[in-house]
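J.: Sharing coords_9.tsv here; it has TSV, C-alpha atoms and all ligand atoms.
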```tsv
chain	number	residue	atom	x	y	z
G	1	MET	CA	-26.76	-6.55	-0.84
G	2	TYR	CA	-24.68	-6.93	2.25
G	3	HIS	CA	-26.19	-9.55	4.54
G	4	LYS	CA	-26.49	-8.99	8.24
G	5	SER	CA	-25.19	-12.35	9.26
G	6	ARG	CA	-25.75	-13.02	12.91
G	7	GLY	CA	-22.57	-14.83	13.59
G	8	SER	CA	-21.99	-15.40	17.24
G	9	SER	CA	-19.36	-13.37	19.01
G	10	THR	CA	-16.08	-15.10	18.73
G	11	SER	CA	-12.88	-15.03	20.68
G	12	ARG	CA	-11.74	-12.22	18.44
G	13	GLY	CA	-12.51	-8.73	19.55
G	14	TYR	CA	-11.90	-8.99	23.23
G	15	ARG	CA	-8.83	-8.97	25.32
G	16	ARG	CA	-8.16	-12.11	27.26
G	17	ASP	CA	-4.94	-10.92	28.75
G	18	GLN	CA	-6.22	-8.26	31.07
G	19	LYS	CA	-8.27	-8.59	34.19
G	20	ARG	CA	-10.65	-5.89	33.25
G	21	SER	CA	-11.18	-7.32	29.81
G	22	PHE	CA	-14.66	-8.22	28.81
G	23	ARG	CA	-16.42	-9.55	25.80
G	24	PRO	CA	-17.89	-6.90	23.54
G	25	LYS	CA	-21.61	-7.21	23.82
G	26	ARG	CA	-24.17	-6.69	21.16
G	27	ASN	CA	-25.86	-3.36	21.74
G	28	ASN	CA	-29.44	-3.37	22.85
G	29	ASN	CA	-30.52	-1.64	19.70
G	30	SER	CA	-31.00	-4.06	16.89
G	31	LEU	CA	-28.54	-3.95	14.05
G	32	ASP	CA	-30.56	-1.32	12.30
G	33	ILE	CA	-28.49	-0.96	9.24
G	34	PHE	CA	-29.90	0.36	6.05
G	35	LEU	CA	-27.98	-0.96	3.19
G	36	LEU	CA	-28.12	0.74	-0.12
G	37	LYS	CA	-26.73	-0.66	-3.26
G	38	ASN	CA	-24.79	1.79	-5.30
G	39	PRO	CA	-24.98	0.81	-8.94
G	40	ALA	CA	-22.32	3.37	-9.78
G	41	ILE	CA	-19.69	1.28	-8.08
G	42	GLU	CA	-20.77	-2.08	-9.40
G	43	GLN	CA	-18.47	-3.21	-12.14
G	44	LYS	CA	-18.20	-6.05	-14.51
G	45	GLN	CA	-14.80	-6.71	-15.96
G	46	GLU	CA	-13.59	-8.95	-18.68
G	47	ALA	CA	-10.78	-11.20	-17.52
G	48	TYR	CA	-7.35	-10.11	-18.74
G	49	VAL	CA	-5.43	-12.73	-20.64
G	50	ALA	CA	-1.69	-12.37	-20.13
G	51	LYS	CA	0.42	-12.47	-23.30
G	52	HIS	CA	3.46	-13.75	-21.45
G	53	ALA	CA	4.38	-16.33	-18.87
G	54	PHE	CA	7.16	-15.33	-16.45
G	55	SER	CA	9.30	-17.97	-18.15
G	56	ASP	CA	9.02	-15.98	-21.42
G	57	PHE	CA	10.95	-13.07	-19.93
G	58	ALA	CA	14.66	-13.05	-20.63
G	59	ILE	CA	15.73	-12.85	-17.01
G	60	HIS	CA	18.28	-14.71	-14.93
G	61	ASP	CA	17.50	-18.20	-13.63
G	62	GLN	CA	17.83	-17.20	-9.99
G	63	LEU	CA	15.29	-14.43	-10.50
G	64	GLN	CA	12.93	-16.85	-12.26
G	65	GLN	CA	13.34	-19.14	-9.30
G	66	ASN	CA	12.61	-16.35	-6.83
G	67	ILE	CA	9.42	-15.48	-8.71
G	68	ILE	CA	8.30	-19.10	-8.49
G	69	GLU	CA	9.12	-19.18	-4.78
G	70	ARG	CA	7.13	-15.99	-4.31
G	71	GLY	CA	4.19	-17.97	-5.68
G	72	TYR	CA	3.56	-15.87	-8.78
G	73	GLU	CA	2.36	-18.01	-11.67
G	74	THR	CA	1.03	-15.55	-14.22
G	75	PRO	CA	2.04	-11.93	-14.74
G	76	THR	CA	-0.61	-9.38	-13.78
G	77	PRO	CA	-1.64	-6.95	-16.58
G	78	ILE	CA	0.86	-4.28	-15.52
G	79	GLN	CA	3.65	-6.89	-15.26
G	80	ASP	CA	2.68	-8.48	-18.56
G	81	GLN	CA	2.89	-5.14	-20.35
G	82	ALA	CA	5.61	-3.28	-18.45
G	83	ILE	CA	8.26	-5.96	-17.93
G	84	PRO	CA	9.08	-6.46	-21.65
G	85	GLU	CA	9.31	-2.68	-22.20
G	86	LEU	CA	11.52	-2.22	-19.15
G	87	LEU	CA	13.75	-5.12	-20.11
G	88	SER	CA	14.30	-3.45	-23.47
G	89	GLY	CA	15.34	-0.25	-21.67
G	90	LYS	CA	12.28	1.89	-22.36
G	91	ASP	CA	11.10	4.57	-19.94
G	92	VAL	CA	7.65	3.68	-18.67
G	93	ILE	CA	4.68	5.55	-17.27
G	94	GLY	CA	2.52	3.04	-15.41
G	95	ILE	CA	-0.96	4.19	-14.53
G	96	ALA	CA	-1.71	1.61	-11.91
G	97	ASN	CA	-3.03	1.33	-8.39
G	98	THR	CA	-1.59	-0.66	-5.60
G	99	GLY	CA	-2.96	-4.15	-5.81
G	100	THR	CA	-2.14	-4.40	-9.50
G	101	GLY	CA	1.29	-5.96	-8.95
G	102	LYS	CA	3.19	-2.82	-9.95
G	103	THR	CA	5.96	-3.41	-7.39
G	104	ALA	CA	7.10	-6.61	-9.09
G	105	ALA	CA	6.55	-4.93	-12.47
G	106	PHE	CA	9.44	-2.59	-11.73
G	107	LEU	CA	11.53	-4.71	-9.37
G	108	ILE	CA	11.89	-7.75	-11.63
G	109	PRO	CA	13.42	-5.95	-14.66
G	110	LEU	CA	15.57	-3.70	-12.48
G	111	ILE	CA	16.96	-6.55	-10.38
G	112	ASN	CA	17.74	-8.37	-13.61
G	113	LYS	CA	19.49	-5.30	-14.98
G	114	VAL	CA	21.66	-4.70	-11.93
G	115	PHE	CA	22.50	-8.40	-11.65
G	116	SER	CA	23.76	-8.28	-15.26
G	117	ASN	CA	25.78	-5.12	-14.72
G	118	ARG	CA	26.83	-4.24	-11.20
G	119	SER	CA	27.66	-0.65	-12.11
G	120	GLU	CA	23.92	0.04	-12.47
G	121	LYS	CA	22.32	1.68	-9.43
G	122	VAL	CA	18.63	2.05	-8.66
G	123	LEU	CA	16.86	4.75	-6.67
G	124	ILE	CA	13.25	4.10	-5.73
G	125	VAL	CA	11.25	6.98	-4.28
G	126	ALA	CA	7.93	6.28	-2.56
G	127	PRO	CA	5.55	8.66	-0.78
G	128	THR	CA	5.17	6.88	2.55
G	129	ARG	CA	7.49	5.08	4.91
G	130	GLU	CA	5.21	2.07	4.92
G	131	LEU	CA	5.30	1.77	1.16
G	132	ALA	CA	9.09	2.11	1.10
G	133	VAL	CA	9.40	-0.61	3.75
G	134	GLN	CA	7.14	-2.84	1.72
G	135	ILE	CA	9.07	-2.29	-1.49
G	136	GLU	CA	12.28	-3.19	0.31
G	137	GLU	CA	10.70	-6.36	1.66
G	138	GLU	CA	9.67	-7.33	-1.89
G	139	PHE	CA	13.16	-6.47	-3.12
G	140	ARG	CA	14.69	-8.88	-0.63
G	141	ILE	CA	12.41	-11.67	-1.78
G	142	PHE	CA	13.06	-11.16	-5.49
G	143	ALA	CA	16.80	-10.57	-5.08
G	144	LYS	CA	17.36	-13.58	-2.81
G	145	GLY	CA	20.66	-15.34	-3.50
G	146	MET	CA	21.76	-12.71	-6.04
G	147	GLN	CA	24.18	-10.77	-3.81
G	148	LEU	CA	22.33	-7.50	-4.39
G	149	PHE	CA	21.95	-5.06	-1.53
G	150	SER	CA	19.61	-2.29	-0.56
G	151	ALA	CA	19.40	0.65	1.80
G	152	LEU	CA	16.14	1.94	3.20
G	153	CYS	CA	16.13	5.71	3.72
G	154	ILE	CA	12.92	6.84	5.39
G	155	GLY	CA	11.93	9.47	7.89
G	156	GLY	CA	11.24	8.56	11.51
G	157	MET	CA	14.12	6.09	11.67
G	158	SER	CA	17.71	6.53	12.76
G	159	MET	CA	19.71	8.45	10.18
G	160	HIS	CA	22.91	6.98	11.51
G	161	HIS	CA	21.91	3.48	10.49
G	162	GLN	CA	20.88	4.70	7.04
G	163	ILE	CA	24.19	6.47	6.56
G	164	GLN	CA	25.99	3.24	7.47
G	165	SER	CA	23.93	1.35	4.88
G	166	LEU	CA	24.68	3.97	2.22
G	167	ARG	CA	28.42	3.67	2.93
G	168	LYS	CA	28.22	0.07	1.78
G	169	LYS	CA	27.28	1.34	-1.69
G	170	PRO	CA	23.98	-0.50	-2.03
G	171	ASP	CA	22.66	-1.48	-5.45
G	172	PHE	CA	19.17	-0.27	-4.58
G	173	VAL	CA	18.22	2.71	-2.44
G	174	ILE	CA	14.58	2.88	-1.45
G	175	GLY	CA	13.31	5.93	0.37
G	176	THR	CA	10.91	8.75	0.95
G	177	PRO	CA	11.58	12.14	-0.69
G	178	GLY	CA	12.26	14.24	2.41
G	179	ARG	CA	14.77	11.86	3.97
G	180	LEU	CA	16.54	11.24	0.67
G	181	LYS	CA	16.94	14.97	0.16
G	182	ASP	CA	18.25	15.43	3.72
G	183	LEU	CA	20.81	12.69	3.18
G	184	GLU	CA	21.88	14.23	-0.10
G	185	LYS	CA	22.32	17.66	1.51
G	186	GLN	CA	24.57	16.07	4.12
G	187	GLY	CA	26.63	14.52	1.30
G	188	LYS	CA	25.68	10.97	2.26
G	189	ILE	CA	24.14	10.07	-1.09
G	190	GLN	CA	24.85	11.37	-4.59
G	191	PHE	CA	21.83	11.13	-6.85
G	192	MET	CA	24.15	11.52	-9.85
G	193	LEU	CA	25.23	7.90	-9.36
G	194	TYR	CA	21.71	6.54	-9.77
G	195	ASN	CA	21.08	5.87	-13.41
G	196	ASN	CA	17.81	4.03	-12.77
G	197	ILE	CA	15.02	5.86	-11.02
G	198	VAL	CA	11.57	4.75	-9.97
G	199	LEU	CA	9.03	7.27	-8.76
G	200	ASP	CA	6.21	5.30	-7.18
G	201	GLU	CA	2.73	6.65	-6.44
G	202	VAL	CA	3.60	10.07	-7.77
G	203	ASP	CA	0.08	11.45	-7.37
G	204	ARG	CA	0.31	10.60	-3.70
G	205	MET	CA	3.68	12.32	-3.40
G	206	LEU	CA	2.15	15.47	-4.83
G	207	ASP	CA	-0.86	15.21	-2.47
G	208	MET	CA	1.57	14.99	0.42
G	209	GLY	CA	3.39	18.13	-0.66
G	210	PHE	CA	6.57	16.46	-1.90
G	211	ILE	CA	6.65	18.17	-5.29
G	212	HIS	CA	9.72	20.29	-4.48
G	213	ASP	CA	11.64	17.39	-3.02
G	214	VAL	CA	10.79	15.22	-6.02
G	215	ASN	CA	11.87	17.92	-8.47
G	216	TYR	CA	15.04	18.47	-6.47
G	217	ILE	CA	15.91	14.78	-6.78
G	218	ILE	CA	15.07	14.62	-10.51
G	219	HIS	CA	17.33	17.57	-11.27
G	220	LYS	CA	20.29	15.92	-9.57
G	221	LEU	CA	19.97	12.68	-11.52
G	222	PRO	CA	22.32	11.88	-14.38
G	223	GLN	CA	21.10	12.90	-17.83
G	224	LYS	CA	21.52	9.39	-19.15
G	225	ARG	CA	19.14	7.32	-17.10
G	226	HIS	CA	16.32	4.82	-17.14
G	227	SER	CA	13.19	6.34	-15.62
G	228	LEU	CA	10.06	4.64	-14.35
G	229	PHE	CA	7.02	6.50	-13.21
G	230	PHE	CA	3.98	5.01	-11.46
G	231	SER	CA	0.82	6.77	-10.44
G	232	ALA	CA	-2.76	5.65	-9.85
G	233	THR	CA	-4.18	8.84	-11.30
G	234	PHE	CA	-2.83	11.42	-13.67
G	235	PRO	CA	-3.78	14.91	-12.47
G	236	SER	CA	-2.61	17.84	-14.58
G	237	ASN	CA	0.14	18.96	-12.16
G	238	ILE	CA	1.89	15.66	-12.76
G	239	GLN	CA	2.72	16.65	-16.34
G	240	GLU	CA	5.65	18.79	-15.21
G	241	ILE	CA	7.30	15.80	-13.58
G	242	THR	CA	6.79	13.40	-16.49
G	243	THR	CA	8.25	15.95	-18.90
G	244	SER	CA	11.38	16.53	-16.86
G	245	LEU	CA	11.84	12.89	-15.88
G	246	LEU	CA	11.05	10.72	-18.87
G	247	ARG	CA	12.35	10.34	-22.43
G	248	ASN	CA	9.97	8.85	-25.04
G	249	PRO	CA	8.07	6.90	-22.43
G	250	VAL	CA	5.70	4.05	-23.13
G	251	THR	CA	2.44	4.56	-21.23
G	252	ILE	CA	0.76	1.51	-19.75
G	253	SER	CA	-2.58	1.99	-18.13
G	254	VAL	CA	-4.24	-0.55	-15.94
G	255	LYS	CA	-7.72	0.65	-15.24
G	256	PRO	CA	-8.32	1.20	-11.52
G	257	GLN	CA	-11.51	-0.85	-11.72
G	258	GLU	CA	-9.48	-3.95	-12.37
G	259	THR	CA	-8.54	-3.99	-8.72
G	260	LEU	CA	-12.14	-3.73	-7.60
G	261	THR	CA	-13.64	-6.82	-9.16
G	262	ASN	CA	-13.13	-8.94	-6.07
G	263	ILE	CA	-14.58	-6.37	-3.73
G	264	HIS	CA	-18.18	-6.38	-2.69
G	265	GLN	CA	-19.11	-2.76	-2.04
G	266	ASP	CA	-21.97	-1.41	-0.02
G	267	VAL	CA	-22.96	1.56	2.05
G	268	ILE	CA	-24.38	1.57	5.55
G	269	LYS	CA	-26.83	4.29	6.33
G	270	THR	CA	-26.49	5.35	9.96
G	271	ASN	CA	-30.17	6.24	10.12
G	272	GLY	CA	-29.69	8.32	13.24
G	273	ARG	CA	-27.68	5.70	15.14
G	274	MET	CA	-24.23	6.31	16.53
G	275	LYS	CA	-21.55	5.14	14.11
G	276	ILE	CA	-19.60	3.59	16.97
G	277	ASP	CA	-22.55	1.33	17.80
G	278	LEU	CA	-22.97	0.30	14.18
G	279	LEU	CA	-19.27	-0.43	13.95
G	280	HIS	CA	-19.41	-2.45	17.15
G	281	ASP	CA	-22.25	-4.56	15.76
G	282	LEU	CA	-20.29	-5.27	12.62
G	283	LEU	CA	-17.03	-6.10	14.36
G	284	ILE	CA	-18.54	-8.79	16.56
G	285	GLN	CA	-19.79	-10.72	13.55
G	286	VAL	CA	-17.90	-13.83	12.73
G	287	GLU	CA	-16.87	-12.94	9.20
G	288	PHE	CA	-15.21	-9.65	10.20
G	289	GLN	CA	-11.90	-11.36	10.75
G	290	LYS	CA	-9.37	-8.80	9.60
G	291	VAL	CA	-10.78	-5.32	9.39
G	292	LEU	CA	-9.22	-2.08	8.28
G	293	VAL	CA	-11.20	0.97	9.43
G	294	PHE	CA	-10.53	4.34	7.84
G	295	GLY	CA	-11.12	7.67	9.51
G	296	ARG	CA	-10.44	11.19	8.32
G	297	THR	CA	-8.29	12.68	11.06
G	298	LYS	CA	-5.53	11.54	13.40
G	299	TRP	CA	-7.55	12.83	16.32
G	300	GLY	CA	-10.67	10.98	15.18
G	301	ILE	CA	-8.72	7.75	14.80
G	302	GLU	CA	-7.25	8.10	18.29
G	303	LYS	CA	-10.69	8.68	19.77
G	304	LEU	CA	-12.18	5.74	17.90
G	305	SER	CA	-9.28	3.58	19.00
G	306	ARG	CA	-9.95	4.45	22.66
G	307	MET	CA	-13.68	3.81	22.33
G	308	LEU	CA	-13.15	0.40	20.73
G	309	MET	CA	-10.58	-0.59	23.34
G	310	GLU	CA	-13.00	0.41	26.10
G	311	ARG	CA	-15.49	-1.92	24.47
G	312	GLY	CA	-12.93	-4.71	24.62
G	313	PHE	CA	-11.76	-4.87	21.00
G	314	LYS	CA	-8.15	-5.52	20.11
G	315	VAL	CA	-7.15	-2.64	17.90
G	316	ALA	CA	-4.10	-0.78	16.74
G	317	SER	CA	-3.88	2.42	14.78
G	318	ILE	CA	-1.59	4.11	12.32
G	319	HIS	CA	-1.55	7.78	11.45
G	320	GLY	CA	0.87	10.63	11.04
G	321	ASN	CA	1.24	11.34	14.77
G	322	LYS	CA	2.48	7.86	15.55
G	323	ARG	CA	6.19	7.24	15.77
G	324	GLN	CA	7.63	5.09	13.03
G	325	ASN	CA	8.32	2.15	15.33
G	326	GLN	CA	4.72	2.30	16.61
G	327	ARG	CA	3.44	2.25	13.06
G	328	VAL	CA	5.65	-0.66	12.13
G	329	ARG	CA	4.53	-2.62	15.20
G	330	ALA	CA	0.84	-1.92	14.51
G	331	LEU	CA	1.21	-3.10	10.93
G	332	GLU	CA	3.11	-6.22	11.94
G	333	ASP	CA	0.50	-7.09	14.56
G	334	PHE	CA	-2.25	-6.67	12.00
G	335	LYS	CA	-0.40	-8.56	9.28
G	336	ASN	CA	0.29	-11.44	11.64
G	337	ASN	CA	-3.29	-11.59	12.95
G	338	ARG	CA	-2.38	-10.56	16.48
G	339	ILE	CA	-5.03	-7.88	16.28
G	340	GLN	CA	-8.33	-8.01	14.45
G	341	ILE	CA	-8.78	-4.33	13.73
G	342	LEU	CA	-6.45	-1.70	12.33
G	343	LEU	CA	-7.56	1.92	12.34
G	344	ALA	CA	-5.92	4.24	9.88
G	345	THR	CA	-6.02	7.62	8.23
G	346	ASP	CA	-5.48	7.86	4.48
G	347	ILE	CA	-1.75	7.73	4.96
G	348	ALA	CA	-2.26	3.97	5.22
G	349	SER	CA	-4.60	3.61	2.30
G	350	ARG	CA	-1.92	3.55	-0.33
G	351	GLY	CA	0.55	0.89	-1.01
G	352	LEU	CA	-0.05	-1.24	2.03
G	353	ASP	CA	0.12	-4.85	1.12
G	354	ILE	CA	-1.64	-6.82	3.82
G	355	ASP	CA	-2.85	-10.30	3.11
G	356	ASN	CA	-6.42	-11.40	3.69
G	357	VAL	CA	-8.04	-8.18	4.83
G	358	THR	CA	-11.66	-9.31	4.93
G	359	HIS	CA	-13.29	-5.91	5.32
G	360	VAL	CA	-12.50	-2.27	4.75
G	361	ILE	CA	-14.83	0.06	6.62
G	362	ASN	CA	-14.97	3.72	5.73
G	363	TYR	CA	-15.98	5.02	9.13
G	364	ASP	CA	-15.53	8.52	7.74
G	365	GLN	CA	-16.14	8.99	4.07
G	366	PRO	CA	-13.07	9.46	1.91
G	367	ALA	CA	-12.40	12.92	0.52
G	368	SER	CA	-12.42	11.82	-3.12
G	369	TYR	CA	-13.26	8.92	-5.35
G	370	GLU	CA	-9.53	8.29	-5.77
G	371	ASP	CA	-9.12	7.98	-2.01
G	372	TYR	CA	-12.10	5.65	-1.95
G	373	VAL	CA	-10.53	3.41	-4.57
G	374	HIS	CA	-7.23	3.38	-2.73
G	375	ARG	CA	-8.81	2.59	0.60
G	376	ILE	CA	-10.99	-0.25	-0.56
G	377	GLY	CA	-8.13	-1.69	-2.61
G	378	ARG	CA	-6.65	-2.95	0.68
G	379	THR	CA	-9.12	-5.82	0.51
G	380	GLY	CA	-9.98	-8.21	-2.32
G	381	ARG	CA	-6.31	-8.56	-3.22
G	382	ALA	CA	-4.53	-11.40	-4.95
G	383	ASN	CA	-7.78	-12.99	-6.15
G	384	LYS	CA	-9.36	-13.08	-2.69
G	385	ARG	CA	-12.85	-11.73	-2.07
G	386	GLY	CA	-13.28	-8.71	0.18
G	387	THR	CA	-16.00	-6.38	1.39
G	388	ALA	CA	-15.91	-2.59	1.56
G	389	LEU	CA	-18.52	-0.78	3.64
G	390	THR	CA	-18.98	2.96	3.79
G	391	PHE	CA	-20.93	4.71	6.55
G	392	ILE	CA	-23.17	7.47	5.31
G	393	ASP	CA	-25.40	9.78	7.37
G	401	LIG	P1	1.33	-4.43	-5.53
G	401	LIG	O1	0.35	-3.77	-6.45
G	401	LIG	O2	2.69	-4.46	-6.08
G	401	LIG	O3	1.23	-3.85	-4.14
G	401	LIG	O4	0.88	-5.98	-5.40
G	401	LIG	C1	-0.37	-6.34	-4.88
G	401	LIG	C2	-0.44	-7.76	-4.40
G	401	LIG	O5	-0.46	-8.67	-5.50
G	401	LIG	C3	0.74	-8.20	-3.55
G	401	LIG	O6	0.23	-9.01	-2.51
G	401	LIG	C4	1.58	-9.02	-4.47
G	401	LIG	O7	2.34	-9.98	-3.77
G	401	LIG	C5	0.52	-9.69	-5.33
G	401	LIG	N1	1.03	-10.02	-6.69
G	401	LIG	C6	1.75	-9.23	-7.49
G	401	LIG	N2	2.01	-9.84	-8.65
G	401	LIG	C7	1.42	-11.06	-8.59
G	401	LIG	C8	1.33	-12.17	-9.49
G	401	LIG	N3	1.88	-12.13	-10.70
G	401	LIG	N4	0.66	-13.25	-9.08
G	401	LIG	C9	0.09	-13.29	-7.85
G	401	LIG	N5	0.13	-12.28	-6.95
G	401	LIG	C10	0.79	-11.18	-7.32
```
Could you rewrite the structure in this file as structure tokens?
Ligand code: AMP
T.:
Amino acid sequence: MYHKSRGSSTSRGYRRDQKRSFRPKRNNNSLDIFLLKNPAIEQKQEAYVAKHAFSDFAIHDQLQQNIIERGYETPTPIQDQAIPELLSGKDVIGIANTGTGKTAAFLIPLINKVFSNRSEKVLIVAPTRELAVQIEEEFRIFAKGMQLFSALCIGGMSMHHQIQSLRKKPDFVIGTPGRLKDLEKQGKIQFMLYNNIVLDEVDRMLDMGFIHDVNYIIHKLPQKRHSLFFSATFPSNIQEITTSLLRNPVTISVKPQETLTNIHQDVIKTNGRMKIDLLHDLLIQVEFQKVLVFGRTKWGIEKLSRMLMERGFKVASIHGNKRQNQRVRALEDFKNNRIQILLATDIASRGLDIDNVTHVINYDQPASYEDYVHRIGRTGRANKRGTALTFID
């Protein structure tokens, strides 16, 4: 059961920097929250015992060192199972959510491969700009000191800069499908040169309508290639892509529940009260330190953002109508604890790797169980505890 702790209002949640700022006040109505336990989403998991240590993998010393510096001690289940297969050159289908460590599962063997043979080139395709940015950030950490270079090719950013980066013949290109295709059509990138391909979060790419762009890219790849495919779910329309992309793949499945063990889940029944008031009462509690609030529509998120700001909360929002630089700034502010609350549509629910999110609040219910899992997976990461709360009428 979620406890209604009566933590005093803290300095978080109000704006000190503006004259008209004021401290969010507790509403007159008591915190009349009905909390229901949902046994269907309670899970007990057996701990996974890794078969390998990172030091068991036959990878270069500098890469080993970078893994240590990144603070990884033991491979996660997807890393433990995928890295040996990828090092031996096998195509892999990874059924894994974000939060499972899948990024390092593909980056580590591929960085090792390119470092051993500089004629290898890697193309990584991700559904969202945010995820692509994050993958590139991870790449830089794992490839530190190895003289490997990357280009980030995502929509919403200057094409000119991306074309300049591509001219330098990067070892890794990381991008979103639409922008990659545009660059290819302009002759700025030749997919034929990329003999290693990673499709990340393929189910998401299909949800976002990228199927044609993804197929376009696959058909331009060289026949002889190393292909990696990651998806949290495996809907039937994905089959077409796996068949055309992969050769004798090894399938590694990391059950989605494994990411949920650290998350305390509850629902909050509105019981006739305004959701905004309930949210307000939650956000002023002391333990709600870093809160990600999900809404269904861009418009709804904008409205909620305005209402919370009027009540004195420090918030930022990300959704499809925001310019890329606004999204990047919002994420950075949230990551670096300059704001307490980030509001987002589902575009943000996948792939975002933000440390120490204490609470995920589903202000609007997610459209599917998969979306629910992806949203709440933003908290309870890297062995931290998190709480996910869902408003229901
Ligand atoms: P990902 O699923 O790739 O988005 O990773 C989820 C989170 O787990 C990120 O914060 C990673 O830095 C972290 N992570 C990945 N692999 C490990 C590991 N072996 N040990 C500790 N943390 C990890």
J.: Dump the neighbourhood of ligand LIG 401 (chain G) as a count of residues only: all residues within 6 Å, distances computed on only C-alpha atoms and all ligand atoms.
T.: 15
J.: When distances are computed from all atoms listed in the file, which of G:Thr345, G:Gln186, G:Gln265, G:Thr251 shows the smallest separation from G:Ile163?
T.: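 The answer is G:Gln186, which sits nearest to G:Ile163.
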J.: Within 10 Å of G:Arg338, counting only C-alpha atoms, which residues show up once you throw out same-chain ones fewer than 6 positions away? Write them as a VMD selection string, please.
T.: chain G and resid 12 290 314 to 316 330 to 332
J.: Which value, in Å to one decimal, gives the distance between atom CA of G:Thr297 and atom CA of G:Ala126?
T.: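 Between these atoms lies a distance of 22.1 Å.
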J.: G:Asn215: which residues within 10 Å, counting all atoms listed in the file, same-chain residues fewer than 5 positions away excluded, as a PyMOL selection string?
T.: chain G and resi 177+210+220+240-241+244-245
J.: Quick one: pull the distance between atom CA of G:Lys169 and atom CA of G:Arg247, Å, one decimal.
T.: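 Computing it gives 27.1 Å between the two atoms.
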